[in-house]
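Data block below; observations after.
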Amino acid sequence: MDKFLINGPCKVKGQVVISGSKNASLAILAATLLFDKPVEIKNLPAVRDIDTMLKLLKSLGLKIAINKNNKSVLISRSKNINNLASYSLVKTMRAGILVLGALVAKNGKAITSLPGGCLIGARPVNFHLNSLKKLGMKYFIKKGYIYAKIKNNLVGSEIKFPKISVGATENTIIASCLAKGRTILKNCAIEPEIKDLTNFLKKAGARIKWVGKRTVVIDGVKSLNSISYSVMGDRIECGTFCVAAALSEGNLKIKGFDPRLINTELNLLKQLGAKIKKTNNEILIKGSKIIKNVKHLVTKEYPNFPTDLQAQLMVLLCKAEGRSIITENIFENRFMHVAELRRLGAKILIKNNKAIIEGNTKFEGAELMSSDLRASVALVLAAIVAKGRSIINRIYHLDRGYEQLENKLKKIGVNIKRIS
Ligand code: UD1
């Protein structure tokens, strides 16, 4: 199993280009199951979750032609359509459940593995199933699989999600595109990745209109048109590099991302002391010597502070002037990085879904274990500013969602090495 060796402390300096968004790509790729005609997706990040999704689509009968040079893929439908999304592929990546809506909408049936829980929380799929049921999907669950089918077509309906869910919103939007009549979805997640999905579908001829803050109206169409679409940049990768600069008194130019999409995060980093300049598609960020603490930071759905940046921000707060509190509102078990950060010298107390972080930590290098995607990158950040050598084990978690992390970090001055 690969590991990282990091010799700190390092300051990040220079320029970094943000890769395509993993989460937007996953939803868009799942939606390609709706198409009869070929569709080209560009700016895909070269990360393991994308490989897994492409394997899943291939197993479902799509032809996949990857062009590694320009990070694009041409996807077309073959004659051998299969409706089984197997456990072996879905277990490694929860976003596998996103093919359910597309399969039933397009093929009329699906057998999809239940994704199961994961370390950060139980993560059920009841909202996905309930909303697809309201569109006319019948299903039962047996031996870990969802057996789903429809009579003729899915039929548009008015659905209010009981709680905001990124995945359930995406699955239902995808399914509604080919449903008969009008679907109105209320209390939707409005993460930029969902807007990227609807922009993609609209470009292909889907009739989708956002009205009000969390409502989307979809009028079903018979088929979608062949298009080429470039996926947005990765919001969380961008936020992670911003934290790296703020944390290490660094000086970074971050390219390829629209700063308006992470206003909440940038305003917070400013409040903590970082100096930030924004242009159309660039962020200039300088870390300051003194990092201020934050009284109470709460993770919440977009446009609020994202759970996917909670671990990274906690590392920054470990070095702040005083005590900070973070409440994790989205996932029930997303503090697994805390035990590892303590090994580097952090003083963090956990009380239910609250982390109380004492500031002024002087991190010292140690051997660490990654537990999930975002927790792993938080350990990398801490190791960058820790004194001495850190070894981070099990970085396969990180490879799920960060493209070429060690190469990008090396270029901006981090002493990091991958050991295979
Ligand atoms: C997506 C993102 C993930 C991010 C999360 C929250 C992808 C591939 N993943 O995950 O990176 O951390 O949004 O921003 O885009 N829930 C239910 N029942 C359901 C669905 C969700 O109870 O059917 C709960 C979850 O357990 C969680 C909350 O709702 O507590 C929000 O989860 P959700 O927004 O659905 O997250 P994902 O789509 O899985």
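Residue numbering restarts at 1 in every chain; chains get A, B, ... in the order shown in the structure tokens, and ligands count up from 1 in that same order.
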Expected answer as a PyMOL selection string: alpha helix (DSSP H) residues in stretch 75-290 of chain A = chain A and resi 87-90+99-107+126-134+166-176+192-203+235-247+263-271
Now that the selection is made, can you save its residues with C-alpha atoms as a CSV table (one decimal), in the first residue's frame?
chain,number,residue,atom,x,y,z
A,87,TYR,CA,-21.5,-4.8,-5.4
A,88,SER,CA,-17.9,-5.2,-6.3
A,89,LEU,CA,-18.0,-1.7,-8.0
A,90,VAL,CA,-20.6,0.1,-5.9
A,99,VAL,CA,-26.9,5.1,-11.8
A,100,LEU,CA,-30.2,3.8,-10.4
A,101,GLY,CA,-32.3,6.8,-11.5
A,102,ALA,CA,-30.7,6.8,-15.0
A,103,LEU,CA,-31.1,3.1,-15.5
A,104,VAL,CA,-34.8,2.9,-14.6
A,105,ALA,CA,-35.6,6.1,-16.6
A,106,LYS,CA,-33.8,4.8,-19.7
A,107,ASN,CA,-34.0,1.0,-19.6
A,126,ASN,CA,-33.9,6.1,1.6
A,127,PHE,CA,-34.3,9.6,0.1
A,128,HIS,CA,-33.1,8.4,-3.3
A,129,LEU,CA,-35.6,5.4,-3.2
A,130,ASN,CA,-38.5,7.4,-1.9
A,131,SER,CA,-38.3,10.1,-4.5
A,132,LEU,CA,-37.8,7.6,-7.4
A,133,LYS,CA,-40.8,5.7,-6.0
A,134,LYS,CA,-42.9,8.9,-6.3
A,166,VAL,CA,-26.8,16.0,-2.7
A,167,GLY,CA,-27.0,12.5,-4.0
A,168,ALA,CA,-30.8,12.2,-3.8
A,169,THR,CA,-31.3,15.5,-5.6
A,170,GLU,CA,-28.9,14.4,-8.4
A,171,ASN,CA,-30.5,10.9,-8.8
A,172,THR,CA,-34.0,12.4,-9.0
A,173,ILE,CA,-33.1,15.1,-11.4
A,174,ILE,CA,-31.4,12.6,-13.7
A,175,ALA,CA,-34.4,10.3,-13.6
A,176,SER,CA,-36.9,13.1,-14.2
A,192,PRO,CA,-22.4,24.0,-7.5
A,193,GLU,CA,-21.8,20.4,-8.7
A,194,ILE,CA,-25.6,19.9,-8.9
A,195,LYS,CA,-25.8,23.1,-11.0
A,196,ASP,CA,-23.0,21.7,-13.2
A,197,LEU,CA,-25.1,18.5,-13.7
A,198,THR,CA,-28.2,20.6,-14.7
A,199,ASN,CA,-26.1,22.8,-17.0
A,200,PHE,CA,-24.9,19.6,-18.7
A,201,LEU,CA,-28.4,18.1,-19.0
A,202,LYS,CA,-29.8,21.4,-20.3
A,203,LYS,CA,-27.1,21.7,-22.9
A,235,ARG,CA,-14.3,23.1,-5.2
A,236,ILE,CA,-12.9,21.0,-2.4
A,237,GLU,CA,-9.4,20.7,-4.0
A,238,CYS,CA,-9.4,24.5,-4.4
A,239,GLY,CA,-10.4,25.0,-0.8
A,240,THR,CA,-7.7,22.5,0.3
A,241,PHE,CA,-5.0,24.5,-1.5
A,242,CYS,CA,-6.3,27.7,0.0
A,243,VAL,CA,-6.0,26.2,3.5
A,244,ALA,CA,-2.5,25.0,2.7
A,245,ALA,CA,-1.5,28.6,1.9
A,246,ALA,CA,-3.2,30.0,5.0
A,247,LEU,CA,-1.6,27.4,7.2
A,263,ASN,CA,-17.2,32.8,-1.1
A,264,THR,CA,-18.1,31.4,2.3
A,265,GLU,CA,-14.7,29.6,2.6
A,266,LEU,CA,-12.7,32.6,1.3
A,267,ASN,CA,-14.5,35.0,3.7
A,268,LEU,CA,-13.7,32.7,6.6
A,269,LEU,CA,-10.0,32.4,5.6
A,270,LYS,CA,-9.9,36.2,5.4
A,271,GLN,CA,-11.4,36.4,8.9
Interface rows for chain A against ligand 1: nearest pair, Å to one decimal, 7 Å, only C-alpha atoms and all ligand atoms, as a Markdown table:
| residue | atom | partner | partner_atom_place_in_ligand_line | distance |
| --- | --- | --- | --- | --- |
| A:Asn23 | CA | ligand 1 | 15 (O) | 4.3 |
| A:Ala24 | CA | ligand 1 | 15 (O) | 6.8 |
| A:Leu26 | CA | ligand 1 | 8 (C) | 6.4 |
| A:Arg94 | CA | ligand 1 | 39 (O) | 6.7 |
| A:Ala95 | CA | ligand 1 | 8 (C) | 4.9 |
| A:Gly121 | CA | ligand 1 | 26 (O) | 6.4 |
| A:Ala122 | CA | ligand 1 | 26 (O) | 5.9 |
| A:Arg123 | CA | ligand 1 | 26 (O) | 3.5 |
| A:Pro124 | CA | ligand 1 | 18 (N) | 4.5 |
| A:Val125 | CA | ligand 1 | 23 (O) | 3.1 |
| A:Asn126 | CA | ligand 1 | 23 (O) | 3.9 |
| A:Phe127 | CA | ligand 1 | 23 (O) | 3.5 |
| A:His128 | CA | ligand 1 | 23 (O) | 5.0 |
| A:Lys163 | CA | ligand 1 | 29 (O) | 6.6 |
| A:Ile164 | CA | ligand 1 | 34 (O) | 6.3 |
| A:Ser165 | CA | ligand 1 | 34 (O) | 3.4 |
| A:Val166 | CA | ligand 1 | 34 (O) | 3.7 |
| A:Gly167 | CA | ligand 1 | 38 (O) | 3.3 |
| A:Ala168 | CA | ligand 1 | 35 (O) | 5.8 |
| A:Glu301 | CA | ligand 1 | 14 (O) | 6.2 |
| A:Pro306 | CA | ligand 1 | 14 (O) | 6.2 |
| A:Thr307 | CA | ligand 1 | 12 (O) | 5.7 |
| A:Asp308 | CA | ligand 1 | 12 (O) | 5.0 |
| A:Ile330 | CA | ligand 1 | 30 (O) | 4.6 |
| A:Phe331 | CA | ligand 1 | 30 (O) | 4.6 |
| A:Glu332 | CA | ligand 1 | 30 (O) | 6.9 |
Export of the given selection (N, CA, C and O atoms) as an mmCIF file, in the first residue's frame:
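Resulting contents of again.cif:
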data_model
loop_
_atom_site.group_PDB
_atom_site.id
_atom_site.type_symbol
_atom_site.label_atom_id
_atom_site.label_comp_id
_atom_site.auth_asym_id
_atom_site.auth_seq_id
_atom_site.Cartn_x
_atom_site.Cartn_y
_atom_site.Cartn_z
ATOM 1 N N ASN A 23 -16.879 15.247 -7.780
ATOM 2 C CA ASN A 23 -18.296 14.991 -7.495
ATOM 3 C C ASN A 23 -19.212 15.383 -8.650
ATOM 4 O O ASN A 23 -20.196 14.693 -8.932
ATOM 5 N N ALA A 24 -18.874 16.490 -9.340
ATOM 6 C CA ALA A 24 -19.682 16.865 -10.508
ATOM 7 C C ALA A 24 -19.507 15.807 -11.601
ATOM 8 O O ALA A 24 -20.482 15.393 -12.241
ATOM 9 N N LEU A 26 -18.864 12.655 -11.323
ATOM 10 C CA LEU A 26 -19.553 11.389 -11.014
ATOM 11 C C LEU A 26 -21.027 11.466 -11.404
ATOM 12 O O LEU A 26 -21.575 10.543 -12.021
ATOM 13 N N ARG A 94 -19.715 5.269 -3.055
ATOM 14 C CA ARG A 94 -21.152 5.395 -2.808
ATOM 15 C C ARG A 94 -21.897 6.023 -3.987
ATOM 16 O O ARG A 94 -23.077 5.765 -4.187
ATOM 17 N N ALA A 95 -21.179 6.853 -4.761
ATOM 18 C CA ALA A 95 -21.845 7.523 -5.882
ATOM 19 C C ALA A 95 -22.355 6.523 -6.909
ATOM 20 O O ALA A 95 -23.100 6.889 -7.819
ATOM 21 N N GLY A 121 -20.131 7.690 8.261
ATOM 22 C CA GLY A 121 -21.517 7.657 8.723
ATOM 23 C C GLY A 121 -22.296 6.564 8.018
ATOM 24 O O GLY A 121 -21.791 5.925 7.096
ATOM 25 N N ALA A 122 -23.539 6.353 8.442
ATOM 26 C CA ALA A 122 -24.348 5.255 7.894
ATOM 27 C C ALA A 122 -24.697 5.509 6.422
ATOM 28 O O ALA A 122 -24.705 4.620 5.601
ATOM 29 N N ARG A 123 -24.958 6.725 6.102
ATOM 30 C CA ARG A 123 -25.265 7.175 4.733
ATOM 31 C C ARG A 123 -26.293 6.290 4.020
ATOM 32 O O ARG A 123 -26.002 5.645 3.014
ATOM 33 N N PRO A 124 -27.525 6.289 4.514
ATOM 34 C CA PRO A 124 -28.575 5.501 3.863
ATOM 35 C C PRO A 124 -28.969 6.105 2.508
ATOM 36 O O PRO A 124 -28.544 7.208 2.170
ATOM 37 N N VAL A 125 -29.813 5.367 1.735
ATOM 38 C CA VAL A 125 -30.251 5.892 0.426
ATOM 39 C C VAL A 125 -31.778 6.003 0.367
ATOM 40 O O VAL A 125 -32.362 6.001 -0.707
ATOM 41 N N ASN A 126 -32.411 6.107 1.549
ATOM 42 C CA ASN A 126 -33.870 6.143 1.594
ATOM 43 C C ASN A 126 -34.472 7.322 0.818
ATOM 44 O O ASN A 126 -35.512 7.185 0.175
ATOM 45 N N PHE A 127 -33.788 8.486 0.821
ATOM 46 C CA PHE A 127 -34.344 9.636 0.081
ATOM 47 C C PHE A 127 -34.318 9.369 -1.429
ATOM 48 O O PHE A 127 -35.216 9.777 -2.161
ATOM 49 N N HIS A 128 -33.248 8.690 -1.877
ATOM 50 C CA HIS A 128 -33.149 8.353 -3.304
ATOM 51 C C HIS A 128 -34.337 7.448 -3.674
ATOM 52 O O HIS A 128 -35.040 7.676 -4.659
ATOM 53 N N LYS A 163 -35.045 16.106 3.760
ATOM 54 C CA LYS A 163 -33.786 16.694 4.234
ATOM 55 C C LYS A 163 -32.948 16.964 2.982
ATOM 56 O O LYS A 163 -33.097 16.254 1.989
ATOM 57 N N ILE A 164 -32.103 17.959 3.039
ATOM 58 C CA ILE A 164 -31.304 18.281 1.848
ATOM 59 C C ILE A 164 -30.257 17.195 1.623
ATOM 60 O O ILE A 164 -29.493 16.873 2.527
ATOM 61 N N SER A 165 -30.268 16.610 0.434
ATOM 62 C CA SER A 165 -29.296 15.559 0.105
ATOM 63 C C SER A 165 -28.750 15.779 -1.302
ATOM 64 O O SER A 165 -29.516 15.898 -2.262
ATOM 65 N N VAL A 166 -27.438 15.817 -1.406
ATOM 66 C CA VAL A 166 -26.785 16.025 -2.704
ATOM 67 C C VAL A 166 -27.127 14.857 -3.636
ATOM 68 O O VAL A 166 -27.645 15.037 -4.744
ATOM 69 N N GLY A 167 -26.850 13.644 -3.184
ATOM 70 C CA GLY A 167 -27.032 12.468 -4.038
ATOM 71 C C GLY A 167 -28.487 12.254 -4.444
ATOM 72 O O GLY A 167 -28.780 11.961 -5.610
ATOM 73 N N ALA A 168 -29.415 12.403 -3.483
ATOM 74 C CA ALA A 168 -30.833 12.162 -3.800
ATOM 75 C C ALA A 168 -31.338 13.211 -4.797
ATOM 76 O O ALA A 168 -32.113 12.900 -5.711
ATOM 77 N N GLU A 301 -25.157 22.533 4.545
ATOM 78 C CA GLU A 301 -25.309 22.460 3.096
ATOM 79 C C GLU A 301 -24.904 23.779 2.434
ATOM 80 O O GLU A 301 -25.010 24.838 3.043
ATOM 81 N N PRO A 306 -18.689 23.743 3.862
ATOM 82 C CA PRO A 306 -18.883 22.332 3.501
ATOM 83 C C PRO A 306 -18.216 21.333 4.455
ATOM 84 O O PRO A 306 -17.096 21.572 4.912
ATOM 85 N N THR A 307 -18.920 20.244 4.700
ATOM 86 C CA THR A 307 -18.358 19.153 5.509
ATOM 87 C C THR A 307 -17.067 18.623 4.891
ATOM 88 O O THR A 307 -16.168 18.183 5.606
ATOM 89 N N ASP A 308 -16.954 18.673 3.559
ATOM 90 C CA ASP A 308 -15.766 18.132 2.893
ATOM 91 C C ASP A 308 -14.507 18.973 3.126
ATOM 92 O O ASP A 308 -13.420 18.573 2.711
ATOM 93 N N ILE A 330 -23.366 17.325 9.111
ATOM 94 C CA ILE A 330 -23.815 16.514 7.982
ATOM 95 C C ILE A 330 -23.612 15.017 8.236
ATOM 96 O O ILE A 330 -24.530 14.222 8.042
ATOM 97 N N PHE A 331 -22.426 14.625 8.637
ATOM 98 C CA PHE A 331 -22.148 13.199 8.866
ATOM 99 C C PHE A 331 -21.836 12.946 10.338
ATOM 100 O O PHE A 331 -21.143 13.736 10.979
ATOM 101 N N GLU A 332 -22.344 11.819 10.847
ATOM 102 C CA GLU A 332 -22.278 11.596 12.290
ATOM 103 C C GLU A 332 -20.903 11.156 12.790
ATOM 104 O O GLU A 332 -20.639 11.196 13.968
#
Contacts of A:Ser72 within 12 Å, only C-alpha atoms, excl. fewer than 2 positions in-chain, as a list of chain:residue names = A:Gly20, A:Ser25, A:Leu29, A:Val39, A:Glu40, A:Ile41, A:Lys42, A:Asn43, A:Leu44, A:Pro45, A:Ala46, A:Ile50, A:Leu54, A:Ile64, A:Ala65, A:Ile66, A:Asn67, A:Lys68, A:Asn69, A:Asn70, A:Leu74, A:Ile75, A:Ser228, A:Tyr229, A:Ser230, A:Val231
request  = Please provide as a list in words all residues within 7 Å of A:Ala355, with the sequence filter that same-chain residues fewer than 3 positions apart are discarded (counting only C-alpha atoms).
outcome  =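 In the requested form, the answer reads Ile325, Ile326, Thr327, Ile348, Leu349, Ile350 and Lys351 of chain A.
Residue nearest A:Leu368, chosen from A:Gly345, A:Asn393, A:Leu405, A:Gly287 and counting only C-alpha atoms: A:Asn393.
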inquiry  = So that I can check the surroundings of A:Lys278, please list as a list in words every protein, DNA and RNA residue that reaches within 10 Å of it, counting only C-alpha atoms and ignoring chain neighbours fewer than 2 positions away.
reply    = Lys253, Ile254, Asp258, Pro259, Arg260, Leu266, Ile276, Asn280, Asn281, Glu282, Ile283, Leu284 and Ile285 of chain A
ask   = How many Å separate atom CA of A:Gly205 from atom CA of A:Gly136?
value =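 Between these atoms lies a distance of 22.8 Å.
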remark   = Min atom-atom distance to A:Val17 from the set A:Lys411, A:Lys255, A:Gln404, A:Lys63, counting only C-alpha atoms, belongs to A:Lys255
task = Extract the full set of strand (DSSP E) residues from stretch 169-338 of chain A according to DSSP on the backbone, and format it as an NGL selection string.
result = :A and (182-186 or 207-211 or 215-219 or 228-230 or 251-255 or 275-278 or 282-286 or 297-298 or 324-327)
task = Find the residues near A:Leu341: any atom within 10 Å, counting only C-alpha atoms, skip ones fewer than 5 places away on the same chain, and give them as an MDAnalysis selection string.
result = chainID A and resid 311 314:315 318 336 346:348 363:364 366 368 375 378:379 382:383
All heavy atoms of the current selection, written as a CSV table (one decimal), in the first residue's frame:
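Result saved to result_37.csv:
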chain,number,residue,atom,x,y,z
A,311,ALA,N,-12.2,18.8,7.9
A,311,ALA,CA,-11.0,18.3,8.5
A,311,ALA,C,-9.8,19.2,8.2
A,311,ALA,O,-8.9,19.4,9.0
A,311,ALA,CB,-10.7,16.9,7.8
A,314,MET,N,-9.8,22.2,10.3
A,314,MET,CA,-9.5,21.9,11.7
A,314,MET,C,-8.0,22.0,11.9
A,314,MET,O,-7.5,22.5,12.9
A,314,MET,CB,-10.0,20.5,12.1
A,314,MET,CG,-9.9,20.3,13.6
A,314,MET,SD,-10.4,18.6,14.0
A,314,MET,CE,-12.2,18.8,13.8
A,315,VAL,N,-7.2,21.6,10.9
A,315,VAL,CA,-5.8,21.7,11.0
A,315,VAL,C,-5.3,23.1,11.1
A,315,VAL,O,-4.5,23.4,12.0
A,315,VAL,CB,-5.1,21.0,9.7
A,315,VAL,CG1,-3.6,21.2,9.7
A,315,VAL,CG2,-5.5,19.6,9.6
A,318,CYS,N,-6.0,24.4,14.6
A,318,CYS,CA,-5.0,23.9,15.6
A,318,CYS,C,-3.9,24.9,15.8
A,318,CYS,O,-3.3,25.0,16.8
A,318,CYS,CB,-4.4,22.6,15.1
A,318,CYS,SG,-5.5,21.2,15.3
A,336,MET,N,-12.6,11.4,12.3
A,336,MET,CA,-11.6,10.3,12.4
A,336,MET,C,-10.2,10.9,12.3
A,336,MET,O,-9.3,10.2,12.7
A,336,MET,CB,-11.9,9.3,11.4
A,336,MET,CG,-12.8,8.2,12.0
A,336,MET,SD,-13.5,7.3,10.7
A,336,MET,CE,-14.0,8.5,9.6
A,346,ALA,N,-1.8,17.8,18.3
A,346,ALA,CA,-3.0,18.6,18.4
A,346,ALA,C,-3.7,18.4,19.7
A,346,ALA,O,-3.7,17.2,20.2
A,346,ALA,CB,-3.9,18.3,17.2
A,347,LYS,N,-4.3,19.4,20.2
A,347,LYS,CA,-5.2,19.2,21.4
A,347,LYS,C,-6.6,19.5,21.0
A,347,LYS,O,-7.0,20.6,20.9
A,347,LYS,CB,-4.7,20.2,22.5
A,347,LYS,CG,-3.4,19.8,23.1
A,347,LYS,CD,-2.9,20.9,24.1
A,347,LYS,CE,-1.4,21.1,24.0
A,347,LYS,NZ,-1.0,21.8,22.8
A,348,ILE,N,-7.3,18.4,20.8
A,348,ILE,CA,-8.7,18.5,20.4
A,348,ILE,C,-9.6,17.6,21.2
A,348,ILE,O,-9.2,16.4,21.4
A,348,ILE,CB,-8.8,18.1,18.9
A,348,ILE,CG1,-7.9,18.9,18.0
A,348,ILE,CG2,-10.3,18.2,18.4
A,348,ILE,CD1,-7.7,18.3,16.6
A,363,PHE,N,3.0,21.4,15.6
A,363,PHE,CA,2.9,20.0,15.2
A,363,PHE,C,4.3,19.4,15.1
A,363,PHE,O,5.3,20.1,14.7
A,363,PHE,CB,2.3,19.9,13.8
A,363,PHE,CG,0.8,20.2,13.7
A,363,PHE,CD1,0.3,21.2,12.9
A,363,PHE,CD2,0.0,19.3,14.4
A,363,PHE,CE1,-1.1,21.4,12.9
A,363,PHE,CE2,-1.4,19.5,14.3
A,363,PHE,CZ,-1.9,20.6,13.6
A,364,GLU,N,4.5,18.1,15.5
A,364,GLU,CA,5.7,17.4,15.3
A,364,GLU,C,5.5,16.2,14.5
A,364,GLU,O,4.5,15.4,14.8
A,364,GLU,CB,6.3,17.0,16.7
A,364,GLU,CG,6.7,18.3,17.5
A,364,GLU,CD,8.0,18.1,18.3
A,364,GLU,OE1,8.7,17.1,18.0
A,364,GLU,OE2,8.2,19.0,19.1
A,366,ALA,N,5.1,12.6,12.7
A,366,ALA,CA,4.8,11.3,13.3
A,366,ALA,C,4.3,10.3,12.2
A,366,ALA,O,4.1,10.8,11.1
A,366,ALA,CB,3.8,11.4,14.4
A,368,LEU,N,1.4,8.2,10.6
A,368,LEU,CA,-0.1,8.4,10.7
A,368,LEU,C,-0.8,7.4,9.8
A,368,LEU,O,-0.2,6.9,8.8
A,368,LEU,CB,-0.5,9.8,10.3
A,368,LEU,CG,0.3,10.9,11.0
A,368,LEU,CD1,0.2,12.2,10.2
A,368,LEU,CD2,-0.3,11.1,12.4
A,375,ALA,N,-10.2,13.2,5.4
A,375,ALA,CA,-9.3,13.1,6.6
A,375,ALA,C,-7.8,12.9,6.2
A,375,ALA,O,-6.9,13.5,6.8
A,375,ALA,CB,-9.7,11.9,7.4
A,378,ALA,N,-6.2,16.1,5.3
A,378,ALA,CA,-6.0,17.0,6.5
A,378,ALA,C,-4.7,16.5,7.1
A,378,ALA,O,-3.9,17.4,7.6
A,378,ALA,CB,-7.1,16.8,7.5
A,379,LEU,N,-4.4,15.2,7.1
A,379,LEU,CA,-3.1,14.8,7.7
A,379,LEU,C,-1.9,15.3,6.9
A,379,LEU,O,-0.9,15.6,7.4
A,379,LEU,CB,-3.1,13.2,7.8
A,379,LEU,CG,-4.2,12.6,8.6
A,379,LEU,CD1,-4.0,11.1,8.6
A,379,LEU,CD2,-4.3,13.2,9.9
A,382,ALA,N,-1.3,18.9,7.8
A,382,ALA,CA,-0.7,19.0,9.1
A,382,ALA,C,0.8,18.6,9.0
A,382,ALA,O,1.7,19.3,9.6
A,382,ALA,CB,-1.4,18.1,10.2
A,383,ALA,N,1.1,17.6,8.2
A,383,ALA,CA,2.5,17.1,8.1
A,383,ALA,C,3.3,18.1,7.4
A,383,ALA,O,4.5,18.3,7.6
A,383,ALA,CB,2.5,15.8,7.3
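From atom CA of A:Lys319 back to atom CA of A:Asn360, the distance works out to 4.7 Å.
Shortest atom-to-atom contact with A:Ile146 among A:Gly359, A:Pro115, A:Pro162, A:Gly413: A:Pro115, counting only C-alpha atoms.
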